[in-house]
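Heads up, run.cif below (mmCIF, N, CA and C atoms):
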data_my_file
#
loop_
_atom_site.label_atom_id
_atom_site.label_comp_id
_atom_site.auth_asym_id
_atom_site.auth_seq_id
_atom_site.Cartn_x
_atom_site.Cartn_y
_atom_site.Cartn_z
N MET A 1 33.49 -27.80 0.49
CA MET A 1 32.27 -28.59 0.39
C MET A 1 31.10 -27.68 0.79
N SER A 2 30.00 -27.82 0.07
CA SER A 2 28.81 -27.08 0.46
C SER A 2 28.17 -27.79 1.66
N HIS A 3 26.97 -27.47 1.95
CA HIS A 3 26.37 -27.93 3.20
C HIS A 3 25.01 -28.61 2.96
N VAL A 4 24.48 -29.16 4.05
CA VAL A 4 23.14 -29.71 4.08
C VAL A 4 22.26 -28.66 4.75
N PHE A 5 21.19 -28.26 4.08
CA PHE A 5 20.24 -27.30 4.61
C PHE A 5 19.17 -28.09 5.35
N ILE A 6 18.88 -27.70 6.59
CA ILE A 6 17.86 -28.37 7.39
C ILE A 6 16.62 -27.48 7.47
N SER A 7 15.49 -28.00 7.01
CA SER A 7 14.22 -27.27 7.02
C SER A 7 13.30 -27.97 8.01
N TYR A 8 12.85 -27.22 9.03
CA TYR A 8 12.00 -27.83 10.05
C TYR A 8 11.16 -26.78 10.76
N GLN A 9 10.06 -27.24 11.31
CA GLN A 9 9.20 -26.41 12.14
C GLN A 9 9.87 -26.29 13.51
N HIS A 10 9.93 -25.11 14.04
CA HIS A 10 10.68 -24.93 15.29
C HIS A 10 10.09 -25.69 16.47
N ASN A 11 8.85 -26.15 16.38
CA ASN A 11 8.30 -27.04 17.42
C ASN A 11 9.05 -28.37 17.45
N ASP A 12 9.72 -28.71 16.35
CA ASP A 12 10.45 -29.97 16.24
C ASP A 12 11.95 -29.79 16.45
N SER A 13 12.32 -28.74 17.16
CA SER A 13 13.75 -28.42 17.31
C SER A 13 14.52 -29.49 18.10
N ASP A 14 13.86 -30.20 19.02
CA ASP A 14 14.58 -31.25 19.75
C ASP A 14 15.04 -32.35 18.79
N PHE A 15 14.13 -32.80 17.94
CA PHE A 15 14.51 -33.82 16.94
C PHE A 15 15.52 -33.24 15.96
N ALA A 16 15.31 -32.01 15.54
CA ALA A 16 16.23 -31.37 14.59
C ALA A 16 17.65 -31.33 15.15
N GLU A 17 17.80 -31.03 16.43
CA GLU A 17 19.13 -30.99 17.05
C GLU A 17 19.81 -32.36 17.00
N VAL A 18 19.05 -33.42 17.27
CA VAL A 18 19.61 -34.77 17.19
C VAL A 18 20.03 -35.07 15.75
N LEU A 19 19.17 -34.75 14.80
CA LEU A 19 19.47 -34.96 13.39
C LEU A 19 20.73 -34.19 12.98
N ILE A 20 20.80 -32.94 13.38
CA ILE A 20 21.97 -32.10 13.06
C ILE A 20 23.23 -32.72 13.63
N ASN A 21 23.19 -33.14 14.88
CA ASN A 21 24.37 -33.75 15.50
C ASN A 21 24.81 -35.00 14.76
N ARG A 22 23.84 -35.84 14.37
CA ARG A 22 24.17 -37.07 13.64
C ARG A 22 24.84 -36.77 12.30
N ILE A 23 24.31 -35.80 11.60
CA ILE A 23 24.86 -35.46 10.28
C ILE A 23 26.25 -34.83 10.42
N GLU A 24 26.40 -33.96 11.40
CA GLU A 24 27.72 -33.35 11.63
C GLU A 24 28.74 -34.39 12.06
N MET A 25 28.34 -35.35 12.90
CA MET A 25 29.27 -36.41 13.32
C MET A 25 29.70 -37.25 12.13
N ALA A 26 28.86 -37.34 11.11
CA ALA A 26 29.21 -38.09 9.89
C ALA A 26 30.11 -37.26 8.96
N GLY A 27 30.37 -36.00 9.34
CA GLY A 27 31.32 -35.19 8.58
C GLY A 27 30.70 -34.21 7.60
N PHE A 28 29.40 -34.01 7.67
CA PHE A 28 28.74 -33.09 6.74
C PHE A 28 28.46 -31.75 7.41
N PRO A 29 28.80 -30.64 6.78
CA PRO A 29 28.46 -29.33 7.33
C PRO A 29 26.96 -29.06 7.19
N ILE A 30 26.43 -28.34 8.14
CA ILE A 30 24.99 -28.08 8.23
C ILE A 30 24.73 -26.58 8.14
N TRP A 31 23.57 -26.22 7.57
CA TRP A 31 23.10 -24.83 7.61
C TRP A 31 21.70 -24.85 8.21
N THR A 32 21.52 -24.09 9.30
CA THR A 32 20.19 -23.89 9.89
C THR A 32 20.02 -22.40 10.14
N ASP A 33 18.78 -21.98 10.13
CA ASP A 33 18.51 -20.57 10.36
C ASP A 33 18.92 -20.12 11.76
N THR A 34 18.77 -21.00 12.75
CA THR A 34 19.09 -20.60 14.11
C THR A 34 20.57 -20.32 14.31
N ASP A 35 21.42 -20.98 13.54
CA ASP A 35 22.87 -20.77 13.66
C ASP A 35 23.39 -19.65 12.77
N ARG A 36 22.73 -19.40 11.66
CA ARG A 36 23.31 -18.51 10.64
C ARG A 36 22.63 -17.16 10.48
N LEU A 37 21.41 -17.02 10.96
CA LEU A 37 20.71 -15.75 10.78
C LEU A 37 20.89 -14.88 12.03
N HIS A 38 21.29 -13.65 11.81
CA HIS A 38 21.55 -12.73 12.92
C HIS A 38 20.78 -11.44 12.70
N ALA A 39 20.61 -10.69 13.76
CA ALA A 39 19.87 -9.42 13.69
C ALA A 39 20.46 -8.52 12.61
N GLY A 40 19.57 -7.91 11.85
CA GLY A 40 19.98 -6.95 10.84
C GLY A 40 20.26 -7.52 9.47
N VAL A 41 20.22 -8.85 9.30
CA VAL A 41 20.45 -9.42 7.98
C VAL A 41 19.12 -9.62 7.27
N ASP A 42 19.15 -9.61 5.96
CA ASP A 42 17.97 -9.91 5.15
C ASP A 42 17.82 -11.42 5.14
N TRP A 43 16.98 -11.92 6.02
CA TRP A 43 16.89 -13.36 6.22
C TRP A 43 16.38 -14.10 4.99
N ARG A 44 15.52 -13.47 4.19
CA ARG A 44 15.04 -14.14 2.97
C ARG A 44 16.18 -14.39 2.00
N THR A 45 17.01 -13.36 1.80
CA THR A 45 18.16 -13.50 0.91
C THR A 45 19.13 -14.54 1.44
N GLU A 46 19.39 -14.52 2.74
CA GLU A 46 20.30 -15.50 3.34
C GLU A 46 19.80 -16.93 3.15
N ILE A 47 18.51 -17.14 3.36
CA ILE A 47 17.95 -18.48 3.17
C ILE A 47 18.01 -18.90 1.71
N ASP A 48 17.66 -18.00 0.81
CA ASP A 48 17.73 -18.30 -0.63
C ASP A 48 19.14 -18.74 -1.03
N GLU A 49 20.13 -17.98 -0.60
CA GLU A 49 21.52 -18.29 -0.94
C GLU A 49 21.96 -19.61 -0.31
N ALA A 50 21.55 -19.83 0.94
CA ALA A 50 21.94 -21.07 1.61
C ALA A 50 21.34 -22.29 0.92
N ILE A 51 20.11 -22.17 0.44
CA ILE A 51 19.49 -23.29 -0.29
C ILE A 51 20.24 -23.53 -1.60
N LYS A 52 20.52 -22.48 -2.35
CA LYS A 52 21.23 -22.62 -3.63
C LYS A 52 22.63 -23.21 -3.44
N ASP A 53 23.27 -22.90 -2.30
CA ASP A 53 24.64 -23.37 -2.04
C ASP A 53 24.68 -24.75 -1.41
N SER A 54 23.53 -25.34 -1.11
CA SER A 54 23.53 -26.65 -0.45
C SER A 54 23.59 -27.78 -1.47
N PHE A 55 24.07 -28.94 -1.03
CA PHE A 55 24.04 -30.11 -1.91
C PHE A 55 22.84 -30.99 -1.60
N ALA A 56 22.17 -30.71 -0.47
CA ALA A 56 20.94 -31.43 -0.12
C ALA A 56 20.14 -30.59 0.87
N LEU A 57 18.83 -30.75 0.83
CA LEU A 57 17.95 -30.14 1.80
C LEU A 57 17.16 -31.26 2.46
N ILE A 58 17.26 -31.33 3.77
CA ILE A 58 16.47 -32.30 4.53
C ILE A 58 15.28 -31.55 5.10
N VAL A 59 14.08 -32.01 4.79
CA VAL A 59 12.87 -31.39 5.33
C VAL A 59 12.25 -32.37 6.31
N ILE A 60 12.12 -31.93 7.57
CA ILE A 60 11.52 -32.75 8.62
C ILE A 60 10.01 -32.53 8.55
N MET A 61 9.29 -33.60 8.21
CA MET A 61 7.85 -33.48 7.95
C MET A 61 7.00 -33.88 9.16
N THR A 62 6.12 -32.97 9.49
CA THR A 62 5.07 -33.15 10.49
C THR A 62 3.84 -32.43 9.93
N PRO A 63 2.68 -32.63 10.50
CA PRO A 63 1.52 -31.86 10.02
C PRO A 63 1.76 -30.35 10.12
N GLU A 64 2.44 -29.91 11.17
CA GLU A 64 2.73 -28.49 11.33
C GLU A 64 3.70 -28.00 10.25
N ALA A 65 4.68 -28.81 9.92
CA ALA A 65 5.64 -28.43 8.88
C ALA A 65 4.94 -28.35 7.52
N LYS A 66 4.03 -29.28 7.26
CA LYS A 66 3.30 -29.24 6.00
C LYS A 66 2.49 -27.96 5.87
N ALA A 67 1.94 -27.49 6.98
CA ALA A 67 1.11 -26.28 6.98
C ALA A 67 1.95 -25.00 6.90
N SER A 68 3.24 -25.10 7.08
CA SER A 68 4.10 -23.92 7.10
C SER A 68 4.45 -23.45 5.69
N GLU A 69 4.09 -22.22 5.38
CA GLU A 69 4.46 -21.66 4.08
C GLU A 69 5.96 -21.52 3.94
N ALA A 70 6.65 -21.20 5.02
CA ALA A 70 8.10 -21.04 4.97
C ALA A 70 8.80 -22.35 4.62
N ILE A 71 8.35 -23.44 5.22
CA ILE A 71 8.97 -24.74 4.93
C ILE A 71 8.66 -25.17 3.50
N THR A 72 7.43 -24.97 3.07
CA THR A 72 7.08 -25.28 1.68
C THR A 72 7.94 -24.46 0.73
N PHE A 73 8.14 -23.19 1.03
CA PHE A 73 9.00 -22.34 0.20
C PHE A 73 10.41 -22.91 0.14
N GLU A 74 10.94 -23.36 1.29
CA GLU A 74 12.32 -23.86 1.32
C GLU A 74 12.48 -25.10 0.45
N TRP A 75 11.62 -26.12 0.63
CA TRP A 75 11.84 -27.32 -0.17
C TRP A 75 11.50 -27.09 -1.64
N ALA A 76 10.52 -26.23 -1.93
CA ALA A 76 10.20 -25.93 -3.32
C ALA A 76 11.34 -25.16 -3.98
N SER A 77 11.98 -24.27 -3.24
CA SER A 77 13.13 -23.54 -3.76
C SER A 77 14.28 -24.50 -4.07
N ALA A 78 14.46 -25.47 -3.20
CA ALA A 78 15.51 -26.46 -3.43
C ALA A 78 15.26 -27.22 -4.73
N PHE A 79 14.01 -27.67 -4.95
CA PHE A 79 13.68 -28.32 -6.22
C PHE A 79 14.03 -27.42 -7.39
N GLY A 80 13.63 -26.16 -7.31
CA GLY A 80 13.87 -25.21 -8.38
C GLY A 80 15.34 -24.97 -8.64
N ALA A 81 16.17 -25.09 -7.60
CA ALA A 81 17.61 -24.87 -7.72
C ALA A 81 18.36 -26.15 -8.09
N GLY A 82 17.64 -27.25 -8.23
CA GLY A 82 18.29 -28.52 -8.56
C GLY A 82 18.98 -29.17 -7.37
N VAL A 83 18.58 -28.80 -6.16
CA VAL A 83 19.16 -29.37 -4.94
C VAL A 83 18.35 -30.60 -4.54
N ARG A 84 19.02 -31.64 -4.13
CA ARG A 84 18.34 -32.87 -3.71
C ARG A 84 17.53 -32.60 -2.46
N VAL A 85 16.27 -33.02 -2.46
CA VAL A 85 15.37 -32.87 -1.32
C VAL A 85 15.17 -34.24 -0.69
N ILE A 86 15.40 -34.33 0.63
CA ILE A 86 15.27 -35.59 1.36
C ILE A 86 14.21 -35.40 2.45
N PRO A 87 13.01 -35.94 2.24
CA PRO A 87 11.99 -35.84 3.28
C PRO A 87 12.26 -36.83 4.42
N VAL A 88 12.15 -36.34 5.63
CA VAL A 88 12.26 -37.17 6.83
C VAL A 88 10.90 -37.08 7.53
N MET A 89 10.22 -38.21 7.61
CA MET A 89 8.88 -38.24 8.21
C MET A 89 9.02 -38.43 9.72
N LEU A 90 8.75 -37.37 10.47
CA LEU A 90 8.82 -37.44 11.93
C LEU A 90 7.48 -37.85 12.53
N LYS A 91 6.39 -37.31 11.98
CA LYS A 91 5.04 -37.68 12.41
C LYS A 91 4.25 -38.00 11.14
N PRO A 92 3.36 -39.00 11.20
CA PRO A 92 2.58 -39.32 9.99
C PRO A 92 1.93 -38.06 9.42
N THR A 93 2.21 -37.81 8.15
CA THR A 93 1.76 -36.59 7.50
C THR A 93 1.47 -36.87 6.03
N PRO A 94 0.29 -36.53 5.55
CA PRO A 94 0.07 -36.63 4.10
C PRO A 94 0.98 -35.60 3.42
N LEU A 95 1.75 -36.05 2.48
CA LEU A 95 2.72 -35.17 1.83
C LEU A 95 2.13 -34.40 0.66
N HIS A 96 2.74 -33.26 0.37
CA HIS A 96 2.44 -32.51 -0.83
C HIS A 96 2.69 -33.44 -2.02
N PRO A 97 1.92 -33.34 -3.10
CA PRO A 97 2.12 -34.25 -4.24
C PRO A 97 3.56 -34.28 -4.76
N ARG A 98 4.26 -33.15 -4.74
CA ARG A 98 5.65 -33.14 -5.23
C ARG A 98 6.56 -33.94 -4.30
N LEU A 99 6.36 -33.80 -2.99
CA LEU A 99 7.17 -34.57 -2.03
C LEU A 99 6.75 -36.04 -2.02
N GLU A 100 5.48 -36.29 -2.29
CA GLU A 100 4.96 -37.65 -2.29
C GLU A 100 5.68 -38.53 -3.32
N ALA A 101 6.19 -37.91 -4.37
CA ALA A 101 6.89 -38.66 -5.42
C ALA A 101 8.26 -39.14 -4.96
N LEU A 102 8.75 -38.61 -3.85
CA LEU A 102 10.08 -38.97 -3.34
C LEU A 102 9.97 -40.05 -2.26
N HIS A 103 10.97 -40.90 -2.21
CA HIS A 103 11.05 -41.85 -1.11
C HIS A 103 11.46 -41.06 0.13
N TYR A 104 10.72 -41.22 1.21
CA TYR A 104 11.08 -40.53 2.44
C TYR A 104 11.66 -41.51 3.44
N LEU A 105 12.39 -40.97 4.42
CA LEU A 105 12.92 -41.79 5.50
C LEU A 105 11.95 -41.71 6.67
N ASP A 106 11.55 -42.86 7.17
CA ASP A 106 10.50 -42.94 8.17
C ASP A 106 11.09 -42.96 9.59
N PHE A 107 10.94 -41.84 10.28
CA PHE A 107 11.39 -41.70 11.66
C PHE A 107 10.20 -41.70 12.62
N THR A 108 9.04 -42.19 12.18
CA THR A 108 7.85 -42.16 13.04
C THR A 108 7.92 -43.18 14.17
N ASP A 109 8.74 -44.20 14.04
CA ASP A 109 8.91 -45.21 15.09
C ASP A 109 10.22 -44.92 15.82
N PRO A 110 10.15 -44.32 17.02
CA PRO A 110 11.39 -43.95 17.71
C PRO A 110 12.27 -45.14 18.10
N SER A 111 11.72 -46.36 18.06
CA SER A 111 12.53 -47.52 18.43
C SER A 111 13.45 -47.99 17.29
N SER A 112 13.20 -47.51 16.06
CA SER A 112 14.06 -47.94 14.95
C SER A 112 14.28 -46.82 13.94
N PRO A 113 14.90 -45.72 14.37
CA PRO A 113 15.14 -44.62 13.43
C PRO A 113 16.22 -45.00 12.41
N PRO A 114 16.00 -44.67 11.14
CA PRO A 114 16.95 -45.06 10.08
C PRO A 114 18.11 -44.07 9.93
N TRP A 115 18.89 -43.86 11.00
CA TRP A 115 19.98 -42.88 10.96
C TRP A 115 21.00 -43.22 9.88
N GLN A 116 21.40 -44.48 9.79
CA GLN A 116 22.42 -44.84 8.82
C GLN A 116 21.92 -44.64 7.39
N ALA A 117 20.66 -44.94 7.13
CA ALA A 117 20.10 -44.71 5.79
C ALA A 117 20.15 -43.22 5.46
N LEU A 118 19.89 -42.35 6.43
CA LEU A 118 19.96 -40.91 6.19
C LEU A 118 21.38 -40.50 5.86
N ILE A 119 22.33 -40.97 6.62
CA ILE A 119 23.74 -40.61 6.37
C ILE A 119 24.17 -41.12 4.99
N ASN A 120 23.75 -42.32 4.63
CA ASN A 120 24.12 -42.89 3.33
C ASN A 120 23.56 -42.08 2.17
N VAL A 121 22.36 -41.54 2.34
CA VAL A 121 21.74 -40.73 1.28
C VAL A 121 22.47 -39.43 1.18
#
Go ahead and render the structure in this file as structure tokens.
Amino acid sequence: MSHVFISYQHNDSDFAEVLINRIEMAGFPIWTDTDRLHAGVDWRTEIDEAIKDSFALIVIMTPEAKASEAITFEWASAFGAGVRVIPVMLKPTPLHPRLEALHYLDFTDPSSPPWQALINV
């Protein structure tokens, strides 16, 4: 089985860790740069290959993530590779027009996070 690629701004790593744990507990393998990239590797090539090999890319959206060229590159690459892109809204953020066309999962209210909807998708 291929994996789920997680794209996030490192300021949001606490939420990303919870998300990763939930997805792994549901039985899905995960790919993140912090676990897979090591000194001396061509990180751009590794990320490109990981995106192409994934069956879904989850992008955690915040204003900082929207401003990140690296995150935009990751989700845009996923679109180009035919990989399903799943936006997760962590903080209210106006989305890029391409992401705006997708239904996102709203995690902005910490009292009712849609974990099961994410796992189902």
Practice problem: Extract, using only C-alpha atoms, all DNA, RNA and protein residues at most 12 Å from Thr108 in chain A, discarding same-chain residues fewer than 6 positions from it, and format them as a list in words. | Solution: Phe15, Ile60, Met61, Thr62, Val88, Met89, Leu90, Lys91, Pro92, Thr93 and Pro114 of chain A
Just the selected residues (N, CA and C atoms), exported as a tab-separated table (two decimals), in the frame of the given file, please.
chain	number	residue	atom	x	y	z
A	15	PHE	N	14.13	-32.80	17.94
A	15	PHE	CA	14.51	-33.82	16.94
A	15	PHE	C	15.52	-33.24	15.96
A	60	ILE	N	12.12	-31.93	7.57
A	60	ILE	CA	11.52	-32.75	8.62
A	60	ILE	C	10.01	-32.53	8.55
A	61	MET	N	9.29	-33.60	8.21
A	61	MET	CA	7.85	-33.48	7.95
A	61	MET	C	7.00	-33.88	9.16
A	62	THR	N	6.12	-32.97	9.49
A	62	THR	CA	5.07	-33.15	10.49
A	62	THR	C	3.84	-32.43	9.93
A	88	VAL	N	12.15	-36.34	5.63
A	88	VAL	CA	12.26	-37.17	6.83
A	88	VAL	C	10.90	-37.08	7.53
A	89	MET	N	10.22	-38.21	7.61
A	89	MET	CA	8.88	-38.24	8.21
A	89	MET	C	9.02	-38.43	9.72
A	90	LEU	N	8.75	-37.37	10.47
A	90	LEU	CA	8.82	-37.44	11.93
A	90	LEU	C	7.48	-37.85	12.53
A	91	LYS	N	6.39	-37.31	11.98
A	91	LYS	CA	5.04	-37.68	12.41
A	91	LYS	C	4.25	-38.00	11.14
A	92	PRO	N	3.36	-39.00	11.20
A	92	PRO	CA	2.58	-39.32	9.99
A	92	PRO	C	1.93	-38.06	9.42
A	93	THR	N	2.21	-37.81	8.15
A	93	THR	CA	1.76	-36.59	7.50
A	93	THR	C	1.47	-36.87	6.03
A	114	PRO	N	16.00	-44.67	11.14
A	114	PRO	CA	16.95	-45.06	10.08
A	114	PRO	C	18.11	-44.07	9.93
Per-axis box centre and lengths in Å around range 72-88 of chain A, 4 Å margin per side, axis-aligned, as AutoDock Vina command-line options:
--center_x 13.1 --center_y -29.8 --center_z -0.6 --size_x 20.1 --size_y 22.8 --size_z 24.2
Quiz item: Hey, what does DSSP flag as helix (DSSP H, G or I) within chain A? Can you give it to me as a PyMOL selection string?
Solution: chain A and resi 10-25+33-36+43-52+63-67+69-81+97-100+115-120
Quiz item: Could you state the separation of CA of Ala26 in chain A and atom C of Val4 in chain A in Å, given to one decimal place?
Solution: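 Answer for the CA of Ala26 in chain A to atom C of Val4 in chain A separation: 12.8 Å.
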Self-check item: Between CA of Glu46 in chain A and CA of Ala117 in chain A, distance in Å (one decimal)
Solution: 29.3 Å
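Close to (19.2, -28.0, -6.5), meaning no more than 8 Å away when counting only N, CA and C atoms, sit the residues Ile51, Lys52, Asp53, Ser54, Phe55, Ala56, Leu57, Ser77, Ala78, Phe79, Gly80, Ala81, Gly82, Val83, Arg84 and Val85 of chain A.
Running DSSP on the backbone gives strand (DSSP E) for these residues within range 28-89 of chain A: A:Ile30, A:Trp31, A:Ser54, A:Phe55, A:Ala56, A:Leu57, A:Ile58, A:Val59, A:Ile60, A:Met61, A:Arg84, A:Val85, A:Ile86, A:Pro87, A:Val88, A:Met89.
Atom pair CA of Gln116 in chain A / CA of Pro97 in chain A has a distance of 26.4 Å (rounded to one decimal).
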Exercise. Using only N, CA and C atoms, find the one residue out of A:Trp115, A:Val59, A:Pro94, A:Glu74 that sits nearest to Gln9 in chain A.
Key: A:Val59
Self-check item: Given the PyMOL selection byres (((chain A and resi 118 and name CA) around 10) and name CA), the residues it picks as a PyMOL selection string
Solution: chain A and resi 19+22-23+58+86-88+104-106+113-117+119-121
Quiz item: Pick from A:Ser7, A:Thr45, A:Ser112, A:Thr32: nearest to Ser68 in chain A, with only C-alpha atoms counted?
Solution: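 That would be A:Ser7, the residue with the smallest distance to Ser68 in chain A.
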